[in-house]
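Here is the structure we will look at, set down as structure tokens.
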Amino acid sequence: MNIQILNAALAGAGILLAAGVASGKNQESRMIKPCIPEDPVIEAKVEKRLESMTLDEKVGQMCEISIDVLTDMQKSHAEGRFSFDEQAMNEVLYKYKAGSILNVPLSVAQDRETWYGIISEINRHSIKATGIPCVYGVDSNHGASYTLDATFFPQEINQAATFDRNVPYRVGEIAAYESRACDIPWVYNPVMDLERNQAWSRMWESYGEDVYVNSEMAVAAVRGFQGDDPNHIDANHVGVSLKHYMAYGAAENGRDRTPSSITDREMREKFFMPYKRAAEAGALTVMVNSSINDGIPFHANAKFITGWLKDELNWDGMVVTDWSDINNLYLRDHVAADKKDAIKMAINAGIDMSMEPYDVHFCDLLKELVESGDVKMERIDDAVRRILRFKYRLGLFDTPDTKPADYPDFACPRFAEEATRMAEESEVLLKNEGDVLPITKGTKILLTGPNANSMRCLDGGWSYTWQGNRTDEFASAYNTIYEAMCGKFGKDNVILEQGVTYAPSDNVRNGWYYDENEPEIEKAVAAAQDADIIVACIGENSYCETPGVLNDLRLSDNQQNLVKALAKTGKPVVLILNEGRPRLIPYIEPLAKAVVDIMLPGNYGGDALANLLAGDSNFSGRLPFTYPKFPNNMTTYDYKPCENTGTMTGSYNYDAVLENQWNFGFGLSYTTFRYSNLKVNKSEFKAGDVLEFSVDVTNTGEREGDDAVLVFSSDIVASVSPDNSRLRAFERVSLKPGETKTVNLAVKANDLSFVGADGKWILEKGEFRVKCGNLVMNVECTETHRWNTPNID
């Protein structure tokens with residue numbers, strides 16, 4: 001079926017694919033306040049440069065190629081260092097004039113000097129060929145994670161667990177600084193996919209399941225990475241790429257790059273919102289979701305790319321594909337007849353740059369499409385204008401390269417201290433029966449489980465390599481859980497007998513992350529006889545993207561059997577969950593006295609855990625996701641009322657009861673907090689108002705502690721079945737024993753609106769229940785308000 005026939009079939013649903021020119025700035029969008037203020041000086045430079053460019057130069061700018069194409073692999077591996085393929089350099093940069101190069105050389109982390117040598121050489125040739133610097137892009141999920149000796153922070157799921165906006169801000173700021181020390185000006189972050197299925201293999205890359213948390217954390221990350229002025233990114237900051245636009249984390253079956261089926265109503269209300277907020281915060285580029293929704297590939301959806309993102313937000317940034325996703329339109333999704341047809345669909349839908357990543361003949365095909373009139377020159381000029389604008393905003397024309405020597409704070413002790421503190425804030429205490437934690441000094445500890453002595457497990461994927469499988473090779477300077485526990489409690493007091501270990505793997509060619517060696521549980525049971533307490537470090541090995549797909553979310557049988565056998569010894573068991581997604585543990589959780597979910601806390605996560613278990617630091621993290629109990633009873637906290645109805649009596653008896661292991665926002669501390677005196681500035685409100693809540697929080701325990709104060713709302717009656725609950729505000733507060741502080745939290749009345757059945761935003765008259773801790777109050781909207789605009793402030 002060609003694009004015209006497909007669009008005709010979809011017209012009734014209001015879905016537009018790439019059927020013509022997606023210019024990105026129509027008359028209506030020009031009336032909307034721009035996300036990024038227009039800079040006349042930059043715009044003049046862009047237009048002048050654009051006027052002088054040939055068609056070959058224009059289509060070249062729209063092509064992004066992997067560094068692998070420019071690499072002499074045979075020579076590089078023989079010499080043990082990177083070497084360019086000069087013939088490939090000539091073809092990619094001189095003949096085809098590619099505008100961007102991406103990815104990590106030789107598929108493994110490099111030192112700063114090597115990075116600088118590679119990128120500066122690419123820029124030298126690019127400028128010589130076209131007068132336009134290349135823009136180099138790299139993933140930077142939890143620091144400059146493809147750079148040796150860089151500061152590695154907790155992964156995004158951990159950052160969200162802190163409920164501290166300053167954490168993603170500082171992660172972004174430091175990662176940008178250390179990326180610039182490598183001459184890298186562009187990062188493919190933050191990841192801001194709402195995780196809506198806990199089996200998803202990229203859950204740990206995101207800020208969790210909630211709209212508001214993702215929005216707040218992403219905005220903070222954008223400002224950290226880019227600085228305060230998106231028109232003038234200085235030499236200490238980088239451009240971001242929001243990803244993956246949008247609904248990538250909502251695959252129906254929980255598997256990577258598989259379809260979602262989300263209505264436009266829910267797409268706008270939930271999945272679009274974090275991107276809207278981050279675009280308005282100045283994000284310079286956006287990367288598109290690799291998958292499809294309701295049968296329509298995102299890379300061919302002009303409504304979402306050009307309509308919602310570019311036009312309706314008046315956003316003048318650049319849209320880049322994900323890895324090889326134009327090719328997927330014909331090779332995988334079968335909506336295009338061949339590559340040329342796929343390019344036509346994607347470019348006309350609003351794609352500005354194609355992450356090819358290996359085929360420069362994209363340029364030939366795109367040129368042919370322009371010459372035949374299938375892609376209009378206006379669309380090409382719009383795309384190239386956005387690419388040039390991005391490069392001018394990055395300052396690449398004036399300063400194409402940044403040198404390692406100009407970044408003396410790279411991997412400094414201060415950054416390490418911040419990473420440790422962030423890890424402490426992110427690790428979540430889920431259970432502590434009989435105050436078995438903290439562990440007193442002098443206690444004999446059996447440390448067991450496959451995650452007890454592995455840096456790979458602490459860092460997760462996107463760490464030194466794509467799958468993180470070589471992390472222990474490069475992170476030997478940092479402490480595993482075992483090494484950190486020995487340093488904290490004394491080596492004589494820590495017995496290491498793992499019982500279960502992971503088999504060597506790289507998730508691609510040599511085994512899989514879930515492969516385990518033959519268990520030696522009996523050795524761990526025997527070692528427990530000499531211990532006072534058992535700390536079992538269980539969970540997952542590292543993985544990333546599609547290689548991380550699994551068929552069973554339950555924890556492996558070997559690990560469950562290890563815990564069951566150790567529980568029979570009668571010694572208290574502490575479970576340490578070190579995992580990128582919540583592996584199900586309903587049958588072993590009751591056997592444990594304490595449970596801590598450390599997720600993927602980074603290179604300093606072992607030190608942070610030892611500090612917390614010893615009581616030298618206090619737990620304050622909260623789950624940014626719902627931890628399910630059973631595989632067929634998985635949901636998110638903002639479920640619909642019918643999902644948890646209790647028992648219906650009468651002729652048709654049934655129930656629909658949710659039973660989670662732990663709820664969204666749950667987390668314990670070594671101290672206790674009391675909430676009191678919940679107030680609001682107005683109990684009645686209308687659209688445009690701001691509800692200002694205040695609550696007194698008292699530390700009623702004997703330890704200093706931090707608490708994340710969360711405010712939820714529930715629409716009691718609505719014309720569309722309302723969500724059970726929605727998080728509307730959060731703030732962290734630090735309290736000394738006995739101290740009380742008043743915490744103020746503002747909620748815009750407009751944020752209590754929803755997208756109605758007609759696709760329009762509406763705030764309906766009626767009551768809302770507001771909950772903060774154990775306190776509940778009602779507020780009332782006094783009049784219904786409907787918006788005729790696609791978005792609201």
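In the structure tokens, each chain is lettered A, B, ... as it comes, each chain's residues begin at 1, and ligands are numbered from 1 in order of appearance.
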DSSP-assigned strand (DSSP E or B) among segment 138-310 of chain A, expressed as a list in words:
Val138, Asn141, Gly143, Thr147, Phe152, Trp186, Val187, Val191, Gly239, Ser241, Leu242, Lys243, His244, Tyr245, Ser260, Thr285, Val286, Met287, Val288, Ile292, Asn293, Ile296, Pro297 and Asn301 of chain A
Would you save the residues of that selection, restricted to N, CA and C atoms, as an mmCIF file, in the first residue's frame?
data_model
loop_
_atom_site.group_PDB
_atom_site.id
_atom_site.type_symbol
_atom_site.label_atom_id
_atom_site.label_comp_id
_atom_site.auth_asym_id
_atom_site.auth_seq_id
_atom_site.Cartn_x
_atom_site.Cartn_y
_atom_site.Cartn_z
ATOM 1 N N VAL A 138 26.610 11.249 21.235
ATOM 2 C CA VAL A 138 26.898 10.058 22.040
ATOM 3 C C VAL A 138 25.836 9.922 23.126
ATOM 4 N N ASN A 141 23.937 8.339 29.486
ATOM 5 C CA ASN A 141 22.790 8.034 30.340
ATOM 6 C C ASN A 141 22.994 8.351 31.814
ATOM 7 N N GLY A 143 26.109 9.980 33.196
ATOM 8 C CA GLY A 143 27.440 10.568 33.159
ATOM 9 C C GLY A 143 28.016 10.397 31.774
ATOM 10 N N THR A 147 33.330 7.233 28.474
ATOM 11 C CA THR A 147 34.646 7.825 28.664
ATOM 12 C C THR A 147 35.324 7.200 29.870
ATOM 13 N N PHE A 152 30.629 8.359 36.962
ATOM 14 C CA PHE A 152 29.386 7.648 36.669
ATOM 15 C C PHE A 152 28.415 7.842 37.831
ATOM 16 N N TRP A 186 27.128 16.912 21.914
ATOM 17 C CA TRP A 186 25.710 16.519 21.776
ATOM 18 C C TRP A 186 25.507 15.179 22.447
ATOM 19 N N VAL A 187 24.503 15.077 23.328
ATOM 20 C CA VAL A 187 24.206 13.816 24.005
ATOM 21 C C VAL A 187 22.762 13.419 23.734
ATOM 22 N N VAL A 191 16.535 10.437 28.730
ATOM 23 C CA VAL A 191 15.483 9.480 28.380
ATOM 24 C C VAL A 191 14.269 9.832 29.229
ATOM 25 N N GLY A 239 24.337 20.109 23.871
ATOM 26 C CA GLY A 239 22.954 20.015 23.426
ATOM 27 C C GLY A 239 22.372 18.666 23.809
ATOM 28 N N SER A 241 19.165 15.626 23.428
ATOM 29 C CA SER A 241 18.172 15.038 22.531
ATOM 30 C C SER A 241 17.170 14.280 23.391
ATOM 31 N N LEU A 242 15.985 14.837 23.527
ATOM 32 C CA LEU A 242 14.931 14.186 24.300
ATOM 33 C C LEU A 242 14.553 12.889 23.595
ATOM 34 N N LYS A 243 14.397 11.812 24.367
ATOM 35 C CA LYS A 243 14.044 10.556 23.709
ATOM 36 C C LYS A 243 13.243 9.666 24.664
ATOM 37 N N HIS A 244 12.399 8.805 24.050
ATOM 38 C CA HIS A 244 12.201 8.565 22.621
ATOM 39 C C HIS A 244 10.764 8.983 22.317
ATOM 40 N N TYR A 245 10.636 10.020 21.519
ATOM 41 C CA TYR A 245 9.355 10.677 21.268
ATOM 42 C C TYR A 245 8.431 9.762 20.471
ATOM 43 N N SER A 260 2.628 -0.050 20.703
ATOM 44 C CA SER A 260 1.705 0.444 21.724
ATOM 45 C C SER A 260 0.374 0.720 21.040
ATOM 46 N N THR A 285 17.109 19.269 20.576
ATOM 47 C CA THR A 285 16.768 18.217 19.616
ATOM 48 C C THR A 285 15.893 17.168 20.279
ATOM 49 N N VAL A 286 15.229 16.382 19.437
ATOM 50 C CA VAL A 286 14.358 15.295 19.887
ATOM 51 C C VAL A 286 14.646 14.064 19.035
ATOM 52 N N MET A 287 14.730 12.901 19.683
ATOM 53 C CA MET A 287 14.895 11.627 18.986
ATOM 54 C C MET A 287 13.564 10.871 19.038
ATOM 55 N N VAL A 288 13.213 10.247 17.917
ATOM 56 C CA VAL A 288 11.880 9.660 17.755
ATOM 57 C C VAL A 288 11.850 8.211 18.213
ATOM 58 N N ILE A 292 5.906 1.665 16.868
ATOM 59 C CA ILE A 292 4.677 2.094 16.217
ATOM 60 C C ILE A 292 3.571 2.208 17.260
ATOM 61 N N ASN A 293 2.592 3.043 16.948
ATOM 62 C CA ASN A 293 1.415 3.156 17.798
ATOM 63 C C ASN A 293 0.170 3.027 16.949
ATOM 64 N N ILE A 296 0.831 2.718 13.326
ATOM 65 C CA ILE A 296 1.492 3.801 12.601
ATOM 66 C C ILE A 296 2.898 4.012 13.169
ATOM 67 N N PRO A 297 3.947 3.833 12.363
ATOM 68 C CA PRO A 297 5.302 4.095 12.859
ATOM 69 C C PRO A 297 5.467 5.561 13.240
ATOM 70 N N ASN A 301 4.932 9.617 11.191
ATOM 71 C CA ASN A 301 3.713 10.242 11.710
ATOM 72 C C ASN A 301 3.868 11.759 11.721
#
From a DSSP calculation on the backbone, collect every residue of segment 380-410 of chain A in helix (DSSP H, G or I) and output the set as a list of chain:residue names.
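Checking each residue of segment 380-410 of chain A, the helix (DSSP H, G or I) ones are A:Ile380, A:Asp381, A:Asp382, A:Ala383, A:Val384, A:Arg385, A:Arg386, A:Ile387, A:Leu388, A:Arg389, A:Phe390, A:Lys391, A:Tyr392, A:Arg393, A:Pro404, A:Ala405, A:Asp406.
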Take atom CA of Arg728 of chain A and atom CA of Glu418 of chain A and report the distance between them in Å, one decimal.
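Pair atom CA of Arg728 of chain A / atom CA of Glu418 of chain A returns 27.7 Å.
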Could you tell me which of A:Val238, A:Ala337, A:Met599, A:Val384 comes closest to Cys537 of chain A if we count only C-alpha atoms?
A:Met599
If we count only C-alpha atoms, what is near Trp761 of chain A at a cut-off of 12 Å, once residues fewer than 2 positions away on the same chain are taken out, given as number ranges by chain?
A: 265-266, 268-269, 687, 719-720, 750-759, 763-764, 784-793
Atom CA of Pro547 of chain A to atom CA of Cys457 of chain A: how many Å, to one decimal?
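If I compute the distance from atom CA of Pro547 of chain A to atom CA of Cys457 of chain A, I get 15.6 Å.
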Ranking A:Ile534, A:Asp183, A:Pro133, A:Leu55 by minimum distance to Glu368 of chain A and counting only C-alpha atoms, which one comes first?
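Closest to Glu368 of chain A of all the choices is A:Leu55.
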From the options A:Asn618, A:Thr698, A:Ser201, A:Thr321, which residue's atoms come nearest to Ser542 of chain A, counting only C-alpha atoms?
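Going through A:Asn618, A:Thr698, A:Ser201, A:Thr321 one by one, the smallest distance to Ser542 of chain A is for A:Ser201.
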So that I can see what lies close to segment 428-443 of chain A, please list as a PyMOL selection string the residues with an atom at most 7 Å from it, counting only C-alpha atoms and leaving out residues fewer than 3 positions away in the same chain.
chain A and resi 489+493+532+593-598+613-615+619-623+667-669
Point-to-point distance in Å for atom CA of Thr645 of chain A and atom CA of Met267 of chain A:
25.4 Å
Would you write out, as a Markdown table, a table of all residues in segment 632-734 of chain A that have an atom no more than 10 Å from an atom of segment 211-224 of chain A, listing for each the closest atom pair and the distance in Å to one decimal, considering only C-alpha atoms and ordering rows by chain and rising residue number?
| residue | atom | partner | partner_atom | distance |
| --- | --- | --- | --- | --- |
| A:Asp638 | CA | A:Val211 | CA | 9.9 |
| A:Arg726 | CA | A:Tyr212 | CA | 8.5 |
| A:Leu727 | CA | A:Tyr212 | CA | 6.6 |
| A:Arg728 | CA | A:Tyr212 | CA | 6.7 |
| A:Ala729 | CA | A:Tyr212 | CA | 7.8 |
| A:Phe730 | CA | A:Val213 | CA | 8.7 |
Of the candidates A:Thr635, A:Ser126, A:Asn314, A:Asn724, which one gets nearest to Cys35 of chain A if we count only C-alpha atoms?
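The closest residue to Cys35 of chain A is A:Asn314.
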List the spatial neighbours of Gln661 of chain A as a PDB file with N, CA, C and O atoms, in the first residue's frame - criterion: any atom at most 12 Å away, only C-alpha atoms, same-chain residues fewer than 4 positions off excluded.
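And here's result_13.pdb as it stands now:
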ATOM      1  N   LEU A 430      12.686  -0.792  51.732  1.00  0.00           N
ATOM      2  CA  LEU A 430      11.307  -1.242  51.530  1.00  0.00           C
ATOM      3  C   LEU A 430      10.753  -2.034  52.706  1.00  0.00           C
ATOM      4  O   LEU A 430       9.536  -2.169  52.850  1.00  0.00           O
ATOM      5  N   LYS A 431      11.636  -2.560  53.551  1.00  0.00           N
ATOM      6  CA  LYS A 431      11.187  -3.374  54.679  1.00  0.00           C
ATOM      7  C   LYS A 431      12.279  -3.367  55.731  1.00  0.00           C
ATOM      8  O   LYS A 431      13.470  -3.414  55.395  1.00  0.00           O
ATOM      9  N   PRO A 582      11.727  -4.232  38.311  1.00  0.00           N
ATOM     10  CA  PRO A 582      11.331  -4.984  39.517  1.00  0.00           C
ATOM     11  C   PRO A 582      11.082  -6.465  39.242  1.00  0.00           C
ATOM     12  O   PRO A 582      10.019  -6.858  38.772  1.00  0.00           O
ATOM     13  N   ARG A 583      12.074  -7.282  39.535  1.00  0.00           N
ATOM     14  CA  ARG A 583      11.886  -8.731  39.405  1.00  0.00           C
ATOM     15  C   ARG A 583      10.981  -9.222  40.539  1.00  0.00           C
ATOM     16  O   ARG A 583      11.113  -8.799  41.705  1.00  0.00           O
ATOM     17  N   LEU A 584      10.079 -10.109  40.224  1.00  0.00           N
ATOM     18  CA  LEU A 584       9.023 -10.488  41.158  1.00  0.00           C
ATOM     19  C   LEU A 584       9.547 -11.453  42.220  1.00  0.00           C
ATOM     20  O   LEU A 584      10.210 -12.446  41.907  1.00  0.00           O
ATOM     21  N   ILE A 585       9.207 -11.148  43.485  1.00  0.00           N
ATOM     22  CA  ILE A 585       9.750 -11.922  44.610  1.00  0.00           C
ATOM     23  C   ILE A 585       8.691 -12.246  45.665  1.00  0.00           C
ATOM     24  O   ILE A 585       8.991 -12.265  46.867  1.00  0.00           O
ATOM     25  N   PRO A 586       7.440 -12.545  45.298  1.00  0.00           N
ATOM     26  CA  PRO A 586       6.394 -12.700  46.326  1.00  0.00           C
ATOM     27  C   PRO A 586       6.627 -13.858  47.276  1.00  0.00           C
ATOM     28  O   PRO A 586       6.112 -13.842  48.404  1.00  0.00           O
ATOM     29  N   TYR A 587       7.384 -14.860  46.856  1.00  0.00           N
ATOM     30  CA  TYR A 587       7.553 -16.041  47.696  1.00  0.00           C
ATOM     31  C   TYR A 587       8.810 -15.988  48.560  1.00  0.00           C
ATOM     32  O   TYR A 587       8.964 -16.816  49.454  1.00  0.00           O
ATOM     33  N   ILE A 588       9.692 -15.059  48.300  1.00  0.00           N
ATOM     34  CA  ILE A 588      10.882 -14.931  49.155  1.00  0.00           C
ATOM     35  C   ILE A 588      10.880 -13.652  49.988  1.00  0.00           C
ATOM     36  O   ILE A 588      11.583 -13.571  50.992  1.00  0.00           O
ATOM     37  N   GLU A 589      10.055 -12.679  49.604  1.00  0.00           N
ATOM     38  CA  GLU A 589       9.998 -11.449  50.410  1.00  0.00           C
ATOM     39  C   GLU A 589       9.571 -11.731  51.846  1.00  0.00           C
ATOM     40  O   GLU A 589      10.162 -11.167  52.791  1.00  0.00           O
ATOM     41  N   PRO A 590       8.600 -12.623  52.097  1.00  0.00           N
ATOM     42  CA  PRO A 590       8.218 -12.898  53.488  1.00  0.00           C
ATOM     43  C   PRO A 590       9.341 -13.539  54.304  1.00  0.00           C
ATOM     44  O   PRO A 590       9.295 -13.507  55.544  1.00  0.00           O
ATOM     45  N   VAL A 595      14.446  -5.425  53.257  1.00  0.00           N
ATOM     46  CA  VAL A 595      14.607  -5.389  51.811  1.00  0.00           C
ATOM     47  C   VAL A 595      15.035  -3.985  51.409  1.00  0.00           C
ATOM     48  O   VAL A 595      14.439  -2.997  51.855  1.00  0.00           O
ATOM     49  N   LEU A 623      10.139   4.750  45.769  1.00  0.00           N
ATOM     50  CA  LEU A 623       9.982   4.094  44.473  1.00  0.00           C
ATOM     51  C   LEU A 623       9.320   5.039  43.471  1.00  0.00           C
ATOM     52  O   LEU A 623       8.226   5.558  43.732  1.00  0.00           O
ATOM     53  N   PHE A 625       8.160   3.983  40.726  1.00  0.00           N
ATOM     54  CA  PHE A 625       7.366   3.039  39.944  1.00  0.00           C
ATOM     55  C   PHE A 625       6.608   2.139  40.909  1.00  0.00           C
ATOM     56  O   PHE A 625       6.898   2.092  42.107  1.00  0.00           O
ATOM     57  N   THR A 626       5.623   1.433  40.373  1.00  0.00           N
ATOM     58  CA  THR A 626       4.881   0.446  41.141  1.00  0.00           C
ATOM     59  C   THR A 626       5.624  -0.884  41.069  1.00  0.00           C
ATOM     60  O   THR A 626       5.948  -1.351  39.978  1.00  0.00           O
ATOM     61  N   TYR A 627       5.902  -1.476  42.225  1.00  0.00           N
ATOM     62  CA  TYR A 627       6.612  -2.763  42.251  1.00  0.00           C
ATOM     63  C   TYR A 627       5.560  -3.865  42.296  1.00  0.00           C
ATOM     64  O   TYR A 627       4.895  -4.067  43.304  1.00  0.00           O
ATOM     65  N   PRO A 628       5.382  -4.598  41.181  1.00  0.00           N
ATOM     66  CA  PRO A 628       4.307  -5.598  41.134  1.00  0.00           C
ATOM     67  C   PRO A 628       4.623  -6.834  41.967  1.00  0.00           C
ATOM     68  O   PRO A 628       5.784  -7.131  42.257  1.00  0.00           O
ATOM     69  N   LYS A 629       3.577  -7.542  42.324  1.00  0.00           N
ATOM     70  CA  LYS A 629       3.731  -8.757  43.114  1.00  0.00           C
ATOM     71  C   LYS A 629       3.608 -10.006  42.249  1.00  0.00           C
ATOM     72  O   LYS A 629       4.326 -10.991  42.467  1.00  0.00           O
ATOM     73  N   PHE A 630       2.711  -9.964  41.272  1.00  0.00           N
ATOM     74  CA  PHE A 630       2.464 -11.133  40.438  1.00  0.00           C
ATOM     75  C   PHE A 630       2.504 -10.734  38.961  1.00  0.00           C
ATOM     76  O   PHE A 630       2.156  -9.606  38.604  1.00  0.00           O
ATOM     77  N   PRO A 631       2.888 -11.658  38.083  1.00  0.00           N
ATOM     78  CA  PRO A 631       3.065 -11.310  36.666  1.00  0.00           C
ATOM     79  C   PRO A 631       1.783 -10.945  35.935  1.00  0.00           C
ATOM     80  O   PRO A 631       1.829 -10.213  34.953  1.00  0.00           O
ATOM     81  N   ASN A 633      -0.753  -9.323  37.341  1.00  0.00           N
ATOM     82  CA  ASN A 633      -1.435  -8.285  38.119  1.00  0.00           C
ATOM     83  C   ASN A 633      -0.543  -7.043  38.174  1.00  0.00           C
ATOM     84  O   ASN A 633      -0.278  -6.508  39.230  1.00  0.00           O
ATOM     85  N   MET A 634      -0.094  -6.636  36.990  1.00  0.00           N
ATOM     86  CA  MET A 634       0.806  -5.488  36.913  1.00  0.00           C
ATOM     87  C   MET A 634       0.036  -4.258  36.464  1.00  0.00           C
ATOM     88  O   MET A 634      -0.783  -4.322  35.549  1.00  0.00           O
ATOM     89  N   THR A 635       0.323  -3.147  37.104  1.00  0.00           N
ATOM     90  CA  THR A 635      -0.363  -1.909  36.768  1.00  0.00           C
ATOM     91  C   THR A 635       0.527  -0.740  37.169  1.00  0.00           C
ATOM     92  O   THR A 635       1.647  -0.930  37.639  1.00  0.00           O
ATOM     93  N   PHE A 666       6.579   4.605  47.653  1.00  0.00           N
ATOM     94  CA  PHE A 666       6.847   3.996  48.962  1.00  0.00           C
ATOM     95  C   PHE A 666       8.345   4.001  49.246  1.00  0.00           C
ATOM     96  O   PHE A 666       9.174   3.796  48.366  1.00  0.00           O
TER      97      PHE A 666
END
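Residue neighbourhood of Lys444 of chain A, excluding near-sequence residues (fewer than 3 positions): Asn493, Val494, Ile495, Asp530, Ala531, Asp532 and Ile533 of chain A, at 8 Å, using only C-alpha atoms.
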Just the selected residues (N, CA and C atoms), exported as a compact mmCIF listing (two decimals), in the first residue's frame, please.
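Full text of selection13.txt as output:
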# COMPACT_ATOMS: atom_id res chain seq x y z
N ASN A 493 35.01 -9.36 59.15
CA ASN A 493 33.61 -9.49 59.53
C ASN A 493 32.69 -9.78 58.34
N VAL A 494 33.25 -9.85 57.15
CA VAL A 494 32.43 -10.07 55.95
C VAL A 494 32.87 -11.36 55.27
N ILE A 495 31.95 -12.30 55.17
CA ILE A 495 32.20 -13.58 54.50
C ILE A 495 31.54 -13.53 53.13
N ASP A 530 28.64 -19.31 60.36
CA ASP A 530 29.59 -18.43 61.02
C ASP A 530 29.17 -16.96 61.00
N ALA A 531 27.95 -16.70 60.53
CA ALA A 531 27.49 -15.32 60.39
C ALA A 531 26.36 -15.01 61.35
N ASP A 532 26.23 -13.74 61.70
CA ASP A 532 25.12 -13.26 62.52
C ASP A 532 23.94 -12.80 61.66
N ILE A 533 24.24 -12.35 60.43
CA ILE A 533 23.21 -11.82 59.54
C ILE A 533 23.62 -12.15 58.11
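Comparing the minimum interatomic distances between Glu545 of chain A and each of A:Glu205, A:Asp72, A:Asp111, A:Asp149, counting only C-alpha atoms, we find that A:Glu205 sits nearest.
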Which residues come within 7 Å of Val733 of chain A, counting only C-alpha atoms, excluding same-chain residues fewer than 3 positions away, as a ChimeraX atom specification?
/A:706-708
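Comparing the minimum interatomic distances between Phe693 of chain A and each of A:Pro168, A:Val657, A:Val770, A:Asp264, counting only C-alpha atoms, we find that A:Val770 sits nearest.
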